[in-house]
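Here's my_file.txt, which has compact mmCIF, C-alpha atoms:
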```
# COMPACT_ATOMS: atom_id res chain seq x y z
CA MET O 157 0.00 0.00 0.00
CA GLU O 158 2.84 2.30 0.85
CA LEU O 159 4.39 1.71 -2.55
CA VAL O 160 1.11 2.22 -4.35
CA SER O 161 0.62 5.58 -2.66
CA ALA O 162 4.22 6.57 -3.28
CA THR O 163 3.82 5.91 -6.99
CA LYS O 164 0.56 7.82 -7.07
CA MET O 165 2.17 10.74 -5.30
CA ARG O 166 5.01 10.88 -7.81
CA LYS O 167 2.55 10.82 -10.63
CA SER O 168 0.40 13.58 -9.16
CA GLN O 169 3.47 15.72 -8.75
CA GLN O 170 4.53 15.00 -12.29
CA ILE O 171 1.17 16.09 -13.63
CA ALA O 172 1.42 19.34 -11.72
CA LEU O 173 4.88 19.93 -13.10
CA ASP O 174 3.87 19.19 -16.66
CA SER O 175 1.48 22.09 -16.63
CA ARG O 176 4.08 24.48 -15.30
CA PRO O 177 5.33 25.95 -18.59
CA TYR O 178 1.73 26.81 -19.41
CA SER O 179 1.23 28.50 -16.05
CA PHE O 180 4.36 30.58 -16.32
CA ALA O 181 3.55 31.64 -19.85
CA ALA O 182 0.02 32.62 -18.85
CA LEU O 183 1.23 34.57 -15.86
CA GLU O 184 3.79 36.41 -17.92
CA LEU O 185 1.17 37.21 -20.51
CA LEU O 186 -1.02 38.71 -17.82
CA ALA O 187 1.91 40.68 -16.50
CA ASN O 188 2.64 41.97 -20.00
CA VAL O 189 -0.91 42.96 -20.69
CA SER O 190 -1.34 44.61 -17.32
CA ALA O 191 1.92 46.50 -17.79
CA LEU O 192 0.56 47.90 -21.03
CA GLU O 193 -2.89 48.69 -19.81
CA ASP O 194 -4.33 49.56 -16.48
CA LEU O 195 -6.29 46.62 -15.14
CA LYS O 196 -8.73 48.83 -13.31
CA LYS O 197 -9.68 50.74 -16.39
CA TRP O 198 -12.10 48.07 -17.41
CA ASN O 199 -14.54 46.37 -15.18
CA ILE O 200 -13.61 42.81 -15.71
CA PRO O 201 -15.91 40.93 -13.40
CA LEU O 202 -13.39 38.35 -12.24
CA PHE O 203 -10.86 41.02 -11.21
CA GLU O 204 -13.33 43.43 -9.72
CA VAL O 205 -13.36 43.70 -5.94
CA ARG O 206 -16.94 44.08 -4.81
CA LYS O 207 -17.50 46.58 -2.06
CA ASN O 208 -20.52 45.09 -0.44
CA ILE O 209 -19.89 41.46 0.29
CA LYS O 210 -23.07 39.68 1.15
CA ARG O 211 -22.30 36.08 0.47
CA VAL O 212 -19.08 34.18 0.78
CA LEU O 213 -18.47 30.79 -0.75
CA PHE O 214 -16.18 28.47 1.13
CA VAL O 215 -14.72 25.61 -0.85
CA LEU O 216 -13.32 22.70 1.11
CA VAL O 217 -10.95 20.39 -0.73
CA ALA O 218 -10.50 17.00 0.89
CA SER O 219 -10.25 13.40 -0.25
CA ASP O 220 -12.83 10.86 -1.35
CA LYS O 221 -11.40 8.05 0.70
CA GLY O 222 -10.13 7.80 4.24
CA LEU O 223 -7.05 6.14 5.67
CA ALA O 224 -4.91 9.11 4.80
CA GLY O 225 -3.66 9.99 8.26
CA ALA O 226 -4.32 13.54 9.34
CA PHE O 227 -4.85 14.79 5.79
CA ASN O 228 -8.57 15.44 6.04
CA SER O 229 -8.77 16.40 9.67
CA SER O 230 -6.06 19.04 9.29
CA VAL O 231 -8.01 20.67 6.47
CA PHE O 232 -11.16 20.64 8.60
CA LYS O 233 -9.36 22.01 11.61
CA LYS O 234 -7.95 24.85 9.56
CA PHE O 235 -11.35 25.54 8.13
CA ALA O 236 -13.01 25.61 11.56
CA ALA O 237 -10.36 27.96 12.91
CA HIS O 238 -10.54 30.27 9.92
CA PHE O 239 -14.30 30.21 9.83
CA SER O 240 -14.81 31.10 13.47
CA LYS O 241 -12.31 33.93 13.10
CA TRP O 242 -14.05 35.13 9.98
CA ALA O 243 -17.49 34.99 11.56
CA SER O 244 -16.38 36.89 14.66
CA LEU O 245 -14.76 39.64 12.63
CA ALA O 246 -16.39 42.98 13.21
CA ARG O 247 -18.55 43.91 10.26
CA PRO O 248 -18.72 47.48 9.07
CA LYS O 249 -21.94 49.17 10.06
CA GLY O 250 -24.74 48.93 7.58
CA ALA O 251 -23.10 46.10 5.67
CA GLY O 252 -25.80 43.74 6.78
CA ARG O 253 -25.48 40.11 7.59
CA GLU O 254 -23.06 37.99 5.68
CA ASP O 255 -24.24 34.67 4.35
CA HIS O 256 -21.99 31.71 4.02
CA ILE O 257 -22.29 29.06 1.39
CA PHE O 258 -20.28 25.89 1.23
CA LEU O 259 -19.00 23.74 -1.56
CA ALA O 260 -17.51 20.34 -0.90
CA ILE O 261 -14.90 18.71 -3.06
CA GLY O 262 -14.41 15.09 -2.03
CA GLU O 263 -16.68 12.74 -0.08
CA LYS O 264 -14.96 13.45 3.20
CA ALA O 265 -15.45 17.19 2.91
CA ASN O 266 -19.11 16.61 2.19
CA ALA O 267 -19.49 14.30 5.18
CA TYR O 268 -17.80 16.82 7.45
CA LEU O 269 -19.87 19.78 6.31
CA GLN O 270 -23.06 17.78 6.58
CA LYS O 271 -22.22 16.71 10.09
CA GLN O 272 -21.63 20.33 11.07
CA GLY O 273 -24.99 21.20 9.59
CA TYR O 274 -23.73 23.73 7.06
CA ASN O 275 -25.56 24.77 3.97
CA ILE O 276 -23.86 22.81 1.19
CA VAL O 277 -24.67 24.23 -2.20
CA LYS O 278 -23.14 21.38 -4.15
CA LYS O 279 -20.64 18.60 -3.82
CA PHE O 280 -18.11 17.38 -6.29
CA THR O 281 -16.57 13.99 -5.85
CA GLN O 282 -14.33 11.81 -7.92
CA ALA O 283 -11.84 14.55 -8.61
CA GLY O 284 -9.78 11.49 -9.34
CA ASP O 285 -6.44 10.06 -8.48
CA PHE O 286 -4.91 11.80 -11.44
CA THR O 287 -6.77 14.94 -12.17
CA THR O 288 -7.28 16.02 -15.74
CA PRO O 289 -8.39 19.49 -16.77
CA GLU O 290 -11.66 17.98 -18.00
CA GLN O 291 -12.50 16.72 -14.52
CA VAL O 292 -11.93 20.10 -12.95
CA LYS O 293 -13.95 21.99 -15.56
CA PRO O 294 -17.41 21.43 -14.03
CA ILE O 295 -16.20 22.66 -10.64
CA ILE O 296 -14.76 25.82 -12.14
CA ASP O 297 -17.76 26.48 -14.33
CA PHE O 298 -19.99 26.19 -11.29
CA ILE O 299 -17.95 28.61 -9.20
CA VAL O 300 -17.51 31.18 -11.97
CA GLN O 301 -21.14 31.10 -13.00
CA GLY O 302 -22.33 31.57 -9.44
CA TYR O 303 -19.90 34.43 -9.04
CA LEU O 304 -21.03 36.18 -12.19
CA GLU O 305 -24.68 35.70 -11.23
CA LYS O 306 -23.82 37.25 -7.86
CA LYS O 307 -24.79 34.18 -5.93
CA TRP O 308 -21.59 34.86 -4.01
CA ASP O 309 -19.24 37.84 -3.88
CA ARG O 310 -16.09 36.21 -2.67
CA VAL O 311 -14.68 32.71 -2.94
CA ILE O 312 -12.34 31.21 -0.40
CA ILE O 313 -10.70 27.84 -0.83
CA ILE O 314 -9.30 25.73 1.94
CA SER O 315 -6.97 23.10 0.57
CA THR O 316 -3.69 21.43 1.32
CA HIS O 317 -0.39 22.85 0.25
CA PHE O 318 2.23 20.29 -0.71
CA ARG O 319 5.45 21.54 0.82
CA SER O 320 7.35 18.32 0.47
CA ALA O 321 6.67 14.59 0.54
CA LEU O 322 6.80 14.64 4.32
CA LYS O 323 5.13 17.93 5.03
CA GLN O 324 1.75 19.19 3.93
CA GLU O 325 -0.07 22.15 5.31
CA PRO O 326 -3.64 23.29 5.01
CA HIS O 327 -3.91 26.71 3.40
CA VAL O 328 -6.66 29.26 3.07
CA ARG O 329 -6.76 31.21 -0.16
CA ARG O 330 -9.03 33.80 -1.65
CA VAL O 331 -9.44 32.89 -5.31
CA LEU O 332 -12.20 35.24 -6.40
CA PRO O 333 -11.95 38.09 -7.16
CA ILE O 334 -8.66 37.27 -8.85
CA ASP O 335 -5.61 38.90 -7.50
CA PHE O 336 -2.37 38.84 -9.47
CA ASP O 337 -0.19 38.13 -6.44
CA HIS O 338 -2.41 35.32 -5.23
CA VAL O 339 -2.22 33.58 -8.57
CA ALA O 340 1.53 34.04 -8.67
CA ASP O 341 1.78 32.51 -5.22
CA THR O 342 -0.18 29.45 -6.22
CA ILE O 343 1.94 28.94 -9.28
CA LYS O 344 5.11 29.34 -7.31
CA GLN O 345 3.96 26.63 -4.99
CA ILE O 346 3.67 24.08 -7.76
CA ILE O 347 7.25 23.22 -7.10
CA PRO O 348 7.80 21.60 -3.72
CA GLU O 349 10.45 23.09 -1.47
CA ARG O 350 12.41 19.90 -1.16
CA GLY O 351 12.70 16.55 -2.86
CA LYS O 352 13.05 15.27 -6.34
CA PHE O 353 11.36 18.14 -8.13
CA ALA O 354 12.73 20.99 -6.08
CA GLU O 355 15.96 20.94 -8.08
CA LEU O 356 14.10 21.88 -11.22
CA ILE O 357 13.85 25.52 -10.21
CA LYS O 358 17.58 26.00 -10.23
CA GLU O 359 18.13 23.95 -13.35
CA GLN O 360 15.68 25.82 -15.49
CA ASN O 361 16.34 29.22 -13.99
CA ILE O 362 12.71 30.12 -13.72
CA ASN O 363 11.88 33.72 -13.18
CA PHE O 364 8.88 34.03 -10.91
CA VAL O 365 8.39 37.72 -10.98
CA PRO O 366 7.54 38.96 -14.43
CA ASN O 367 8.60 42.47 -15.09
CA ARG O 368 5.62 44.51 -14.01
CA ASN O 369 7.35 47.79 -14.00
CA PRO O 370 7.78 48.90 -17.59
CA SER O 371 10.28 51.64 -16.81
CA ALA O 372 12.79 49.13 -15.49
CA GLY O 373 14.12 46.52 -17.89
CA SER O 374 13.43 46.69 -21.57
CA GLY O 375 10.85 49.43 -21.35
CA LEU O 376 7.32 49.51 -22.54
CA ARG O 377 7.04 47.29 -25.56
CA GLU O 378 4.63 48.10 -28.27
CA TYR O 379 2.15 45.31 -28.52
CA THR O 380 -0.69 45.05 -30.92
CA ILE O 381 -3.55 43.58 -28.97
CA GLU O 382 -6.36 41.95 -30.87
CA PRO O 383 -9.33 42.16 -30.72
CA ALA O 384 -9.13 44.51 -27.70
CA PRO O 385 -7.17 44.50 -24.44
CA GLU O 386 -10.42 44.18 -22.57
CA LYS O 387 -11.41 41.00 -24.37
CA VAL O 388 -7.97 39.51 -23.96
CA LEU O 389 -7.97 40.24 -20.26
CA GLU O 390 -11.40 38.77 -19.83
CA LYS O 391 -10.34 35.53 -21.49
CA LEU O 392 -7.09 35.54 -19.62
CA ALA O 393 -8.89 35.93 -16.32
CA GLU O 394 -10.93 32.82 -17.07
CA HIS O 395 -7.84 30.85 -17.99
CA LEU O 396 -5.92 31.98 -14.95
CA PHE O 397 -8.75 31.07 -12.65
CA PHE O 398 -9.04 27.66 -14.27
CA MET O 399 -5.35 27.12 -13.90
CA GLN O 400 -5.33 28.15 -10.28
CA ILE O 401 -8.13 25.83 -9.23
CA TYR O 402 -6.64 23.03 -11.29
CA HIS O 403 -3.38 23.44 -9.43
CA LEU O 404 -4.99 23.65 -6.04
CA ILE O 405 -6.74 20.37 -6.71
CA LEU O 406 -3.61 18.75 -8.08
CA GLU O 407 -1.73 19.86 -5.04
CA ALA O 408 -4.40 18.50 -2.74
CA ASN O 409 -4.16 15.24 -4.65
CA ALA O 410 -0.42 14.99 -4.28
CA SER O 411 -0.78 15.80 -0.59
CA GLU O 412 -3.45 13.18 -0.15
CA HIS O 413 -1.28 10.50 -1.68
CA SER O 414 1.76 11.39 0.33
CA ALA O 415 -0.29 11.61 3.54
CA ARG O 416 -1.67 8.19 2.73
CA ARG O 417 1.79 6.92 2.04
CA MET O 418 2.93 8.04 5.47
CA ALA O 419 -0.18 6.55 7.08
CA MET O 420 0.42 3.25 5.31
CA LYS O 421 4.06 3.24 6.28
CA THR O 422 3.19 3.84 9.92
CA ALA O 423 0.54 1.14 9.74
CA SER O 424 2.86 -1.49 8.30
CA ASP O 425 5.67 -0.53 10.68
CA ASN O 426 3.27 -0.84 13.55
CA ALA O 427 2.02 -4.20 12.29
CA CYS O 428 5.63 -5.45 12.07
CA ASP O 429 6.32 -4.34 15.64
CA LEU O 430 3.15 -5.92 16.86
CA GLY O 431 3.92 -9.16 15.02
CA GLU O 432 7.35 -9.35 16.59
CA LYS O 433 6.02 -8.72 20.07
CA LEU O 434 3.29 -11.31 19.72
CA ASN O 435 5.73 -13.84 18.34
CA LEU O 436 8.02 -13.33 21.31
CA GLN O 437 5.14 -13.63 23.71
CA TYR O 438 3.95 -16.83 22.03
CA ASN O 439 7.43 -18.37 22.11
CA LYS O 440 7.86 -17.46 25.74
CA SER O 441 4.59 -19.02 26.80
CA ARG O 442 5.30 -22.13 24.70
CA GLN O 443 8.70 -22.46 26.30
CA SER O 444 7.29 -22.09 29.79
CA ARG O 445 4.65 -24.76 29.04
CA ILE O 446 7.35 -27.15 27.84
CA THR O 447 9.41 -26.46 30.92
CA THR O 448 6.49 -27.17 33.24
CA GLU O 449 5.68 -30.37 31.37
CA ILE O 450 9.26 -31.60 31.57
CA ALA O 451 9.33 -30.71 35.25
CA GLU O 452 6.15 -32.71 35.79
CA ILE O 453 7.43 -35.72 33.86
CA SER O 454 10.75 -35.75 35.68
CA ALA O 455 8.96 -35.31 39.00
CA GLY O 456 6.67 -38.24 38.14
CA ALA O 457 9.61 -40.41 37.12
CA GLU O 458 11.41 -39.59 40.33
CA ALA O 459 8.37 -40.47 42.42
CA GLN O 460 8.09 -43.91 40.75
CA SER O 461 11.68 -44.94 41.26
CA MET D 1048 11.49 31.89 -35.18
CA LYS D 1049 11.47 30.28 -31.79
CA LEU D 1050 8.07 28.78 -31.16
CA SER D 1051 6.62 27.15 -28.07
CA VAL D 1052 3.13 25.75 -27.74
CA TYR D 1053 2.06 24.87 -24.21
CA SER D 1054 -1.04 23.14 -22.96
CA LEU D 1055 -2.04 22.41 -19.37
CA LYS D 1056 -1.06 18.79 -19.81
CA LYS D 1057 2.23 19.08 -21.63
CA ILE D 1058 4.50 20.97 -23.97
CA LEU D 1059 3.10 20.40 -27.43
CA PHE D 1060 5.84 22.01 -29.43
CA GLN D 1061 9.08 23.76 -28.57
CA ASP D 1062 11.54 24.32 -31.38
CA GLU D 1063 12.53 26.50 -34.29
CA ALA D 1064 9.64 26.95 -36.67
CA ARG D 1065 9.12 28.51 -40.05
CA LEU D 1066 5.43 29.17 -39.92
CA LEU D 1067 2.50 29.17 -37.55
CA ASN D 1068 -1.06 29.25 -38.76
CA CYS D 1069 -4.01 29.59 -36.42
CA LYS D 1070 -7.51 30.93 -36.08
CA THR D 1071 -7.99 33.94 -33.85
CA VAL D 1072 -11.19 35.61 -32.81
CA ALA D 1073 -10.46 38.30 -35.38
CA GLY D 1074 -9.77 35.89 -38.23
CA GLU D 1075 -7.17 33.43 -39.40
CA ILE D 1076 -3.54 34.53 -39.23
CA THR D 1077 -0.17 33.16 -40.23
CA VAL D 1078 2.89 34.15 -38.28
CA LEU D 1079 6.23 34.10 -40.08
CA ASP D 1080 9.69 35.15 -39.01
CA ASN D 1081 10.08 38.59 -37.44
CA HIS D 1082 6.42 39.24 -36.99
CA GLU D 1083 5.45 42.38 -35.12
CA THR D 1084 4.69 41.98 -31.42
CA LEU D 1085 1.14 40.86 -30.91
CA ILE D 1086 -1.17 39.47 -28.29
CA THR D 1087 -4.36 37.84 -29.41
CA VAL D 1088 -6.99 35.30 -28.45
CA LEU D 1089 -7.24 32.04 -30.35
CA SER D 1090 -10.53 30.43 -31.18
CA ALA D 1091 -11.36 26.76 -31.61
CA GLY D 1092 -9.68 25.07 -34.55
CA ALA D 1093 -6.37 23.56 -35.54
CA ILE D 1094 -2.96 25.14 -35.17
CA LYS D 1095 -0.61 24.35 -37.99
CA VAL D 1096 3.11 24.54 -37.43
CA VAL D 1097 5.78 24.05 -40.07
CA ASP D 1098 9.16 23.39 -38.52
CA ASP D 1099 12.60 24.01 -39.96
CA LYS D 1100 12.76 20.69 -41.73
CA ALA D 1101 9.47 21.45 -43.48
CA GLY D 1102 7.65 18.93 -41.29
CA GLU D 1103 4.07 19.80 -40.52
CA HIS D 1104 2.44 19.53 -37.10
CA PHE D 1105 -1.21 19.98 -36.27
CA PHE D 1106 -2.73 20.60 -32.86
CA PRO D 1107 -6.46 20.80 -32.31
CA ILE D 1108 -7.39 23.43 -29.74
CA LYS D 1109 -10.48 24.75 -28.01
CA SER D 1110 -9.16 28.15 -27.05
CA GLY D 1111 -5.95 29.85 -26.15
CA PHE D 1112 -3.65 32.83 -26.52
CA LEU D 1113 -0.94 33.79 -28.94
CA GLU D 1114 1.88 36.08 -27.95
CA VAL D 1115 4.45 37.23 -30.46
CA LYS D 1116 7.36 38.70 -28.55
CA GLU D 1117 10.42 40.63 -29.49
CA ASN D 1118 13.50 38.78 -30.74
CA ASN D 1119 11.55 36.49 -33.00
CA GLU D 1120 9.94 34.55 -30.18
CA VAL D 1121 6.41 33.20 -30.38
CA ARG D 1122 4.45 31.58 -27.62
CA CYS D 1123 1.06 29.93 -27.60
CA ILE D 1124 -0.82 28.78 -24.56
CA VAL D 1125 -3.73 26.61 -25.56
CA GLU D 1126 -6.54 24.60 -24.13
CA GLU D 1127 -6.97 21.30 -25.89
```

Please render this file's structure as structure tokens.
Amino acid sequence: MELVSATKMRKSQQIALDSRPYSFAALELLANVSALEDLKKWNIPLFEVRKNIKRVLFVLVASDKGLAGAFNSSVFKKFAAHFSKWASLARPKGAGREDHIFLAIGEKANAYLQKQGYNIVKKFTQAGDFTTPEQVKPIIDFIVQGYLEKKWDRVIIISTHFRSALKQEPHVRRVLPIDFDHVADTIKQIIPERGKFAELIKEQNINFVPNRNPSAGSGLREYTIEPAPEKVLEKLAEHLFFMQIYHLILEANASEHSARRMAMKTASDNACDLGEKLNLQYNKSRQSRITTEIAEISAGAEAQS
Amino acid sequence: MKLSVYSLKKILFQDEARLLNCKTVAGEITVLDNHETLITVLSAGAIKVVDDKAGEHFFPIKSGFLEVKENNEVRCIVEE
């Protein structure tokens, strides 16, 4: 089981890494476009920060199956802590009550939210062992559509960040409205801090911070933007959001597998220990039985002679 | 020109190319060497790439972006 999970973890990581060139290119494109044009000039819905936030959507990313150690419970704990802090935050006067809506990704998240009696708007399961963009699409469409229809004004995702094969941490992220720095952070985190893939950063000399300041560096380049910067940005916003959620889910997947790997390793180690102890105990009691029997026989023989 | 075509799943093409033909929302375009800098949105269709050895490559796409940069560098990010 440990090996199975280890292989799955490697594969999940690999999938995340394969999409990295795309992510960097998209991020750089956004940086280029936003260096040319002021983002705030147009009201692109996905970038726009709404002033009056009435409804907040919380998305909880957990696994479908159990036996993954503390993977799920750490996400839930983080969520509970964040949520109670959020709810107790002083609201500005006249802002009215804030509604909370919940979206569960994974059976375990659904079970948890149901148990707590929260209002679950929808659940998505079977995000899969190896996530493909097609599997993530319905989730993203659902979130974006609800956002555009103003069913919620802010989207917060609680998922697990894969720091290394041994360390995963639950993270809280605001994904909508889109913020350039938030997206950049997520993309940066595709590469784990340590382990097999961490070396890749140095090898490929990846530049994380695209040149946002046109006066430094090569200066403002003249770009022809077709059909219009507004349209390009709108499309780009959709793509970036897609990419971000896709990565969050991939990361959660990799974390799940490595958490399960650790759980399985502990379980088999424990079973080995237990087996050894029981074996020793059995041998001891067998030996003591034999000794008593021999003692009895010799005592009987002595009594007869 | 130096051309790279990336999708979320993998790198589709990354090499020297002679020609890139694709459909954009404003119409079909062909990018040759030393094209002016351009950013545009691709629409559904096939991308055609002719590499240096005159070999042709086709990639079906749903949507994407094309960025022609300075120094004869072209980059596509596409959704398959």

What are the closest atom pairs, with distances in Å to one decimal, for each residue of chain D lying within 10 Å of chain O, using only C-alpha atoms, rows by chain and rising residue number, as a tab-separated table?
```
residue	atom	partner	partner_atom	distance
D:Ser1051	CA	O:Pro177	CA	9.6
D:Val1052	CA	O:Tyr178	CA	8.5
D:Tyr1053	CA	O:Tyr178	CA	5.2
D:Ser1054	CA	O:Tyr178	CA	5.8
D:Leu1055	CA	O:Ser175	CA	4.5
D:Lys1056	CA	O:Ser175	CA	5.2
D:Lys1057	CA	O:Asp174	CA	5.2
D:Ile1058	CA	O:Pro177	CA	7.4
D:Thr1071	CA	O:Glu382	CA	8.7
D:Val1072	CA	O:Pro383	CA	7.1
D:Ala1073	CA	O:Pro383	CA	6.2
D:Gly1074	CA	O:Pro383	CA	9.8
D:Glu1083	CA	O:Thr380	CA	7.9
D:Thr1084	CA	O:Tyr379	CA	5.1
D:Leu1085	CA	O:Thr380	CA	4.6
D:Ile1086	CA	O:Ile381	CA	4.8
D:Thr1087	CA	O:Glu382	CA	4.8
D:Val1088	CA	O:Val388	CA	6.2
D:Leu1089	CA	O:Val388	CA	9.9
D:Ser1110	CA	O:Lys391	CA	9.3
D:Gly1111	CA	O:His395	CA	8.4
D:Phe1112	CA	O:Leu392	CA	8.2
D:Leu1113	CA	O:Leu185	CA	9.3
D:Glu1114	CA	O:Leu185	CA	7.6
D:Val1115	CA	O:Tyr379	CA	8.6
D:Lys1116	CA	O:Tyr379	CA	8.4
D:Glu1117	CA	O:Arg377	CA	8.4
D:Arg1122	CA	O:Ala181	CA	7.8
D:Cys1123	CA	O:Ala181	CA	8.3
D:Ile1124	CA	O:Tyr178	CA	6.1
D:Val1125	CA	O:Tyr178	CA	8.2
D:Glu1126	CA	O:His395	CA	8.9
D:Glu1127	CA	O:Pro289	CA	9.4
```

Output for the residues just chosen: C-alpha atoms as a PDB file, in the frame of the given file:
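Written output follows (selection-v3.pdb):
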```pdb
ATOM      1  CA  SER D1051       6.620  27.150 -28.070  1.00  0.00           C
ATOM      2  CA  VAL D1052       3.130  25.750 -27.740  1.00  0.00           C
ATOM      3  CA  TYR D1053       2.060  24.870 -24.210  1.00  0.00           C
ATOM      4  CA  SER D1054      -1.040  23.140 -22.960  1.00  0.00           C
ATOM      5  CA  LEU D1055      -2.040  22.410 -19.370  1.00  0.00           C
ATOM      6  CA  LYS D1056      -1.060  18.790 -19.810  1.00  0.00           C
ATOM      7  CA  LYS D1057       2.230  19.080 -21.630  1.00  0.00           C
ATOM      8  CA  ILE D1058       4.500  20.970 -23.970  1.00  0.00           C
ATOM      9  CA  THR D1071      -7.990  33.940 -33.850  1.00  0.00           C
ATOM     10  CA  VAL D1072     -11.190  35.610 -32.810  1.00  0.00           C
ATOM     11  CA  ALA D1073     -10.460  38.300 -35.380  1.00  0.00           C
ATOM     12  CA  GLY D1074      -9.770  35.890 -38.230  1.00  0.00           C
ATOM     13  CA  GLU D1083       5.450  42.380 -35.120  1.00  0.00           C
ATOM     14  CA  THR D1084       4.690  41.980 -31.420  1.00  0.00           C
ATOM     15  CA  LEU D1085       1.140  40.860 -30.910  1.00  0.00           C
ATOM     16  CA  ILE D1086      -1.170  39.470 -28.290  1.00  0.00           C
ATOM     17  CA  THR D1087      -4.360  37.840 -29.410  1.00  0.00           C
ATOM     18  CA  VAL D1088      -6.990  35.300 -28.450  1.00  0.00           C
ATOM     19  CA  LEU D1089      -7.240  32.040 -30.350  1.00  0.00           C
ATOM     20  CA  SER D1110      -9.160  28.150 -27.050  1.00  0.00           C
ATOM     21  CA  GLY D1111      -5.950  29.850 -26.150  1.00  0.00           C
ATOM     22  CA  PHE D1112      -3.650  32.830 -26.520  1.00  0.00           C
ATOM     23  CA  LEU D1113      -0.940  33.790 -28.940  1.00  0.00           C
ATOM     24  CA  GLU D1114       1.880  36.080 -27.950  1.00  0.00           C
ATOM     25  CA  VAL D1115       4.450  37.230 -30.460  1.00  0.00           C
ATOM     26  CA  LYS D1116       7.360  38.700 -28.550  1.00  0.00           C
ATOM     27  CA  GLU D1117      10.420  40.630 -29.490  1.00  0.00           C
ATOM     28  CA  ARG D1122       4.450  31.580 -27.620  1.00  0.00           C
ATOM     29  CA  CYS D1123       1.060  29.930 -27.600  1.00  0.00           C
ATOM     30  CA  ILE D1124      -0.820  28.780 -24.560  1.00  0.00           C
ATOM     31  CA  VAL D1125      -3.730  26.610 -25.560  1.00  0.00           C
ATOM     32  CA  GLU D1126      -6.540  24.600 -24.130  1.00  0.00           C
ATOM     33  CA  GLU D1127      -6.970  21.300 -25.890  1.00  0.00           C
TER      34      GLU D1127
END
```

Once 5 Å is added on each side, what are the centre and the three edge lengths, in Å to one decimal, of the axis-aligned box enclosing the listed atoms of range 1071-1089 of chain D? Present them as lines of an AutoDock Vina configuration file.
```
center_x = -0.6
center_y = 37.2
center_z = -34.3
size_x = 31.3
size_y = 20.3
size_z = 21.9
```

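The nearest approach to Leu1066 in chain D among the residues D:Val1121, D:Val1096, D:Ala1091, D:Leu1050, with all atoms listed in the file taken into account, belongs to D:Val1096.
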
Gap from CA of Leu159 in chain O to CA of Val292 in chain O - Å, one decimal: 26.7 Å

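In this model, the gap between CA of Ser219 in chain O and CA of Ser411 in chain O comes to 9.8 Å.
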
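Shortest separation to Val311 in chain O among O:Ile257, O:Val331, O:Leu245, O:Ala224 occurs at residue O:Val331, atoms counted being all atoms listed in the file.
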
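Interatomic distance, CA of Lys271 in chain O to CA of Ser240 in chain O: 16.5 Å.
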
Can you check which parts of range 171-240 of chain O lie within 12 Å of range 412-419 of chain O? Per residue, the shortest pair of atoms and distance in Å to one decimal, counting only C-alpha atoms, sorted by chain and number, as CSV.
```
residue,atom,partner,partner_atom,distance
O:Val217,CA,O:Glu412,CA,10.4
O:Ala218,CA,O:Glu412,CA,8.1
O:Ser219,CA,O:Glu412,CA,6.8
O:Asp220,CA,O:Glu412,CA,9.7
O:Lys221,CA,O:Glu412,CA,9.5
O:Gly222,CA,O:Arg416,CA,8.6
O:Leu223,CA,O:Arg416,CA,6.5
O:Ala224,CA,O:Arg416,CA,4.0
O:Gly225,CA,O:Ala419,CA,5.0
O:Ala226,CA,O:Ala415,CA,7.3
O:Phe227,CA,O:Ala415,CA,6.0
O:Asn228,CA,O:Glu412,CA,8.3
O:Ser229,CA,O:Ala415,CA,11.5
O:Ser230,CA,O:Ala415,CA,11.0
O:Val231,CA,O:Glu412,CA,11.0
```

Pick from O:Ala265, O:Val277, O:Ile401, O:Ile314 nearest to Ile296 in chain O, counting all atoms listed in the file: O:Ile401

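If only C-alpha atoms are the atoms counted, then among O:Ala455, O:Met165, O:Leu406, O:Leu192 the closest residue to Leu322 in chain O is O:Met165.
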
Spatial neighbours of Ala1064 in chain D, max dist 8 Å, only C-alpha atoms, sep filter under 4 positions, as a compact mmCIF listing (two decimals) with C-alpha atoms, in the frame of the given file:
```txt
# COMPACT_ATOMS: atom_id res chain seq x y z
CA MET D 1048 11.49 31.89 -35.18
CA LYS D 1049 11.47 30.28 -31.79
CA LEU D 1050 8.07 28.78 -31.16
CA VAL D 1096 3.11 24.54 -37.43
CA VAL D 1097 5.78 24.05 -40.07
CA ASP D 1098 9.16 23.39 -38.52
CA ASP D 1099 12.60 24.01 -39.96
```

Please write C-alpha atoms of range 1048-1060 of chain D, from the structure given just now, as a tab-separated table (two decimals), in the first residue's frame.
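Saved to out_13.tsv:
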```
chain	number	residue	atom	x	y	z
D	1048	MET	CA	11.49	31.89	-35.18
D	1049	LYS	CA	11.47	30.28	-31.79
D	1050	LEU	CA	8.07	28.78	-31.16
D	1051	SER	CA	6.62	27.15	-28.07
D	1052	VAL	CA	3.13	25.75	-27.74
D	1053	TYR	CA	2.06	24.87	-24.21
D	1054	SER	CA	-1.04	23.14	-22.96
D	1055	LEU	CA	-2.04	22.41	-19.37
D	1056	LYS	CA	-1.06	18.79	-19.81
D	1057	LYS	CA	2.23	19.08	-21.63
D	1058	ILE	CA	4.50	20.97	-23.97
D	1059	LEU	CA	3.10	20.40	-27.43
D	1060	PHE	CA	5.84	22.01	-29.43
```
